Amino acid sequence: MKPQAPANLNIVPFVSVDHMMKLVLTVGVETFIRELAGVIEEDFRRWEVFDKRPRIGCHSDEGVIELMPTSDGRLYGFKYVNGHPKNMREGRQTVTAFGVLADVGNGYPALLSEMTILTALRTAATSALAGKYLARPDARCMAIIGNGAQSEFQALAFKAICGVNRLRLYDIDPAASQKCRANLQGEGFDIIIAASAEEAVEGADVITTVTADKNLATVLTDNMVGPGVHINAVGGDCPGKTELHRDILTRSEVFVEYPPQTRIEGEIQQMPEDFPVQELWQVINGQRPGRSSERAITLFDSVGFAIEDFSALRYVRGKLEQTGLFCELDLLADPDEPRDLYGMLLRCKAAQAL
């Protein structure tokens with residue numbers, strides 16, 4: 001007997017922007033970040049089972065469009081994401097994204113989701129996860145240089161996972177810092193807006209750089225970084241875009257996600273190919289030490305990697321049944337007979353004629 005195909009093979013769960021916002025608020029922002037970081041940590045612990053490659057980028061003078069694929073052999077995931085710093089001048093987001101999770105066994109998509117908000121959450125969750133392993137355990141004060149769309153997520157992630165409760169904000173646009181402070185009112189932070197990047201880093205245990213301009217910038221200079229600091233370098237994420245003076249790299253213990261990608265896109269693109277780095281997944285697995293001493297400078301050269309997006313999609317998929325925050329998208333052709341795709345057109349034509 002011919003096996004019976006499952007019903008509704010044409011339907012794929014779709015998480016819209018509205019659904020994602022409601023999901024985050026239903027779970028709670030800090031709880032969402034903590035749980036998401038836990039899933040990322042789980043996947044980093046099984047790093048070796050994943051298919052890994054640098055993301056596929058299409059670069060232009062205006063920005064970059066990228067695809068970020070990976071698979072653990074059971075599920076396949078990819079994210080489409082752009083980075084266009086000039087977009088803000090036109091009232092558009094600098095970064096937008098969507099993602100797909102699919103069944104490796106049959107190739108059918110199992111989830112389609114917005115990932116503009118989700119990318120901000122997974123970036124912050126990954127940053128704070130790295131901070132959990134690399135920052136000093138007593139780190140409570142964080143400077144955030146660049147107070148755009150990612151800044152609040154970074155602050156809340158480091159509060160939820162690392163216990164940060166004091167913020168020192170700086171942005172070349174004072175309105176961005178005011179926005180960040182206003183958005184974080186009532187969230188348990190002592191917040192100071194600094195007049196310069198130099199002032200912002202005074203007394204900071206963690207320095208997060210998260211600027212948007214696509215150029216070889218020097219947001220942080222060597223004299224601004226004292227012993228014992230953890231640097232969370234988020235903004236440098238494509239060729240020709242950095243935030244740190246190279247002298248900082250030579251003084252730091254540098255940790256990365258996936259070296260072949262980070263050497264192209266991260267802060268270490270400034271350094272020789274044999275510049276030594278450690279992989280974060282090995283620290284999480286206990287295969288490598290993290291911070292070597294209280295006075296060491298640790299640097300997480302974060303560019304974002306496909307496994308983190310895979311984890312984020314996996315986490316969201318796990319929340320759908322209990323929350324119902326998705327809609328059914330008629331995405332896939334599902335003919336009565338798999339070989340009779342043209343027959344679907346004929347049946348549609350007949351139905352339109354009625």
# chains A, B, ... in the order shown; residues from 1 in each chain; ligands from 1
>>> residues_around(residues="region 122-131 of chain A", least_positions_apart="2", cutoff="6 Å", atoms="only C-alpha atoms", output="MDAnalysis selection string")
chainID A and resid 33 37 119:120 133:135 153:154 157:158
>>> write_last_selection(atoms="N, CA and C atoms", output="JSON list (two decimals), in the first residue's frame")
[["chain", "number", "residue", "atom", "x", "y", "z"],
["A", 33, "ILE", "N", 16.42, 36.26, 26.57],
["A", 33, "ILE", "CA", 17.86, 36.30, 26.30],
["A", 33, "ILE", "C", 18.59, 35.19, 27.05],
["A", 37, "ALA", "N", 20.49, 32.25, 25.17],
["A", 37, "ALA", "CA", 21.91, 32.02, 25.42],
["A", 37, "ALA", "C", 22.17, 30.57, 25.82],
["A", 119, "THR", "N", 17.83, 38.67, 15.45],
["A", 119, "THR", "CA", 19.29, 38.83, 15.33],
["A", 119, "THR", "C", 19.82, 39.73, 16.44],
["A", 120, "ALA", "N", 19.12, 40.80, 16.74],
["A", 120, "ALA", "CA", 19.55, 41.68, 17.83],
["A", 120, "ALA", "C", 19.60, 40.91, 19.15],
["A", 133, "TYR", "N", 32.09, 33.75, 30.27],
["A", 133, "TYR", "CA", 33.30, 32.94, 30.31],
["A", 133, "TYR", "C", 34.59, 33.76, 30.33],
["A", 134, "LEU", "N", 34.52, 35.01, 29.87],
["A", 134, "LEU", "CA", 35.74, 35.78, 29.65],
["A", 134, "LEU", "C", 35.89, 37.00, 30.55],
["A", 135, "ALA", "N", 34.79, 37.63, 30.94],
["A", 135, "ALA", "CA", 34.90, 38.81, 31.80],
["A", 135, "ALA", "C", 35.23, 38.38, 33.23],
["A", 153, "PHE", "N", 19.79, 45.95, 23.80],
["A", 153, "PHE", "CA", 19.85, 44.49, 23.87],
["A", 153, "PHE", "C", 21.14, 44.04, 24.56],
["A", 154, "GLN", "N", 22.26, 44.70, 24.21],
["A", 154, "GLN", "CA", 23.54, 44.36, 24.84],
["A", 154, "GLN", "C", 23.47, 44.61, 26.34],
["A", 157, "ALA", "N", 21.28, 42.00, 28.06],
["A", 157, "ALA", "CA", 21.90, 40.68, 28.05],
["A", 157, "ALA", "C", 22.99, 40.58, 29.11],
["A", 158, "PHE", "N", 23.83, 41.61, 29.21],
["A", 158, "PHE", "CA", 24.90, 41.57, 30.21],
["A", 158, "PHE", "C", 24.34, 41.68, 31.63]]
>>> select_by_dssp(residues="region 24-88 of chain A", states="strand (DSSP E or B)", output="ChimeraX atom specification")
/A:51,56-59,64-71,75-83
>>> write_last_selection(atoms="C-alpha atoms", output="PDB file, in the first residue's frame")
ATOM      1  CA  ASP A  51      28.596  22.105   8.866  1.00  0.00           C
ATOM      2  CA  ILE A  56      28.376  34.147   1.627  1.00  0.00           C
ATOM      3  CA  GLY A  57      28.550  37.898   1.098  1.00  0.00           C
ATOM      4  CA  CYS A  58      27.686  40.242  -1.737  1.00  0.00           C
ATOM      5  CA  HIS A  59      29.566  43.469  -0.967  1.00  0.00           C
ATOM      6  CA  VAL A  64      26.563  43.973   2.243  1.00  0.00           C
ATOM      7  CA  ILE A  65      23.951  41.260   1.709  1.00  0.00           C
ATOM      8  CA  GLU A  66      24.784  37.873   3.190  1.00  0.00           C
ATOM      9  CA  LEU A  67      23.549  34.313   3.486  1.00  0.00           C
ATOM     10  CA  MET A  68      24.521  32.367   6.613  1.00  0.00           C
ATOM     11  CA  PRO A  69      23.887  28.606   6.295  1.00  0.00           C
ATOM     12  CA  THR A  70      24.628  25.659   8.595  1.00  0.00           C
ATOM     13  CA  SER A  71      23.327  22.204   9.526  1.00  0.00           C
ATOM     14  CA  LEU A  75      18.092  20.373  10.779  1.00  0.00           C
ATOM     15  CA  TYR A  76      19.326  22.918   8.244  1.00  0.00           C
ATOM     16  CA  GLY A  77      19.135  26.642   8.832  1.00  0.00           C
ATOM     17  CA  PHE A  78      20.063  29.817   7.028  1.00  0.00           C
ATOM     18  CA  LYS A  79      19.674  33.534   7.541  1.00  0.00           C
ATOM     19  CA  TYR A  80      19.418  36.273   4.946  1.00  0.00           C
ATOM     20  CA  VAL A  81      20.830  39.492   6.403  1.00  0.00           C
ATOM     21  CA  ASN A  82      21.963  42.868   5.147  1.00  0.00           C
ATOM     22  CA  GLY A  83      24.149  45.585   6.617  1.00  0.00           C
TER      23      GLY A  83
END
>>> residues_around(residues="Leu320 (chain A)", least_positions_apart="4", cutoff="10 Å", atoms="only C-alpha atoms", output="ChimeraX atom specification")
/A:13-15,19,23,111,315-316,324-327
>>> atom_distance(atom1="CA of Tyr170 (chain A)", atom2="CA of Glu279 (chain A)")
29.5 Å
>>> residues_around(residues="Ile193 (chain A)", least_positions_apart="2", cutoff="7 Å", atoms="only C-alpha atoms", output="list in words")
Arg168, Leu169, Tyr170, Ser177, Ile191 and Ala195 of chain A
>>> select_by_dssp(residues="region 21-261 of chain A", states="alpha helix (DSSP H)", output="ChimeraX atom specification")
/A:21-27,29-45,116-134,151-162,174-183,197-200,246-251,259-261
>>> residues_around(residues="region 179-187 of chain A", least_positions_apart="5", cutoff="9 Å", atoms="only C-alpha atoms", output="list in words")
Asn147, Gly148, Ala149, Ser151, Glu152, Ala155, Leu156, Leu169, Pro174, Ile192 and Ile193 of chain A
>>> write_last_selection(atoms="N, CA, C and O atoms", output="mmCIF file, in the first residue's frame")
data_model
loop_
_atom_site.group_PDB
_atom_site.id
_atom_site.type_symbol
_atom_site.label_atom_id
_atom_site.label_comp_id
_atom_site.auth_asym_id
_atom_site.auth_seq_id
_atom_site.Cartn_x
_atom_site.Cartn_y
_atom_site.Cartn_z
ATOM 1 N N ASN A 147 25.363 53.815 20.454
ATOM 2 C CA ASN A 147 24.094 53.612 21.166
ATOM 3 C C ASN A 147 22.906 53.492 20.224
ATOM 4 O O ASN A 147 21.824 54.022 20.482
ATOM 5 N N GLY A 148 23.131 52.767 19.118
ATOM 6 C CA GLY A 148 22.077 52.551 18.136
ATOM 7 C C GLY A 148 21.186 51.371 18.477
ATOM 8 O O GLY A 148 20.952 51.056 19.648
ATOM 9 N N ALA A 149 20.713 50.659 17.457
ATOM 10 C CA ALA A 149 19.667 49.653 17.620
ATOM 11 C C ALA A 149 20.072 48.478 18.502
ATOM 12 O O ALA A 149 19.214 47.811 19.083
ATOM 13 N N SER A 151 22.188 48.597 21.205
ATOM 14 C CA SER A 151 22.724 48.947 22.524
ATOM 15 C C SER A 151 21.870 48.453 23.685
ATOM 16 O O SER A 151 22.401 47.905 24.669
ATOM 17 N N GLU A 152 20.561 48.626 23.624
ATOM 18 C CA GLU A 152 19.707 48.190 24.733
ATOM 19 C C GLU A 152 19.755 46.673 24.912
ATOM 20 O O GLU A 152 19.761 46.162 26.041
ATOM 21 N N ALA A 155 22.925 45.756 26.736
ATOM 22 C CA ALA A 155 22.837 46.090 28.157
ATOM 23 C C ALA A 155 22.005 45.067 28.916
ATOM 24 O O ALA A 155 22.422 44.567 29.982
ATOM 25 N N LEU A 156 20.845 44.724 28.390
ATOM 26 C CA LEU A 156 19.961 43.784 29.076
ATOM 27 C C LEU A 156 20.555 42.381 29.123
ATOM 28 O O LEU A 156 20.379 41.659 30.108
ATOM 29 N N LEU A 169 27.401 55.408 28.695
ATOM 30 C CA LEU A 169 27.015 55.448 27.290
ATOM 31 C C LEU A 169 27.736 56.569 26.559
ATOM 32 O O LEU A 169 27.890 57.669 27.084
ATOM 33 N N PRO A 174 24.414 62.579 20.312
ATOM 34 C CA PRO A 174 23.892 62.567 21.684
ATOM 35 C C PRO A 174 22.450 62.066 21.782
ATOM 36 O O PRO A 174 22.063 61.496 22.803
ATOM 37 N N ILE A 192 25.035 56.604 33.079
ATOM 38 C CA ILE A 192 25.697 57.882 32.859
ATOM 39 C C ILE A 192 25.927 58.060 31.362
ATOM 40 O O ILE A 192 26.379 57.123 30.688
ATOM 41 N N ILE A 193 25.601 59.232 30.837
ATOM 42 C CA ILE A 193 25.929 59.564 29.446
ATOM 43 C C ILE A 193 27.238 60.336 29.460
ATOM 44 O O ILE A 193 27.351 61.395 30.095
#
>>> atom_distance(atom1="CA of Thr116 (chain A)", atom2="CA of Gly236 (chain A)")
18.0 Å
>>> residues_around(residues="Asp330 (chain A)", least_positions_apart="3", cutoff="7 Å", atoms="only C-alpha atoms", output="short mmCIF file (atom, residue, chain, number, x, y, z; two decimals) with N, CA, C and O atoms, in the first residue's frame")
data_model
loop_
_atom_site.label_atom_id
_atom_site.label_comp_id
_atom_site.auth_asym_id
_atom_site.auth_seq_id
_atom_site.Cartn_x
_atom_site.Cartn_y
_atom_site.Cartn_z
N ASN A 10 1.71 21.79 2.44
CA ASN A 10 1.96 23.11 1.87
C ASN A 10 2.20 24.18 2.93
O ASN A 10 2.69 25.27 2.64
N ILE A 11 1.87 23.88 4.18
CA ILE A 11 1.86 24.89 5.24
C ILE A 11 3.20 24.92 5.98
O ILE A 11 3.74 23.89 6.37
N VAL A 12 3.73 26.14 6.15
CA VAL A 12 4.94 26.35 6.94
C VAL A 12 4.63 27.39 8.02
O VAL A 12 4.06 28.44 7.72
#
>>> atom_distance(atom1="CA of Ile297 (chain A)", atom2="CA of Ser252 (chain A)")
4.9 Å
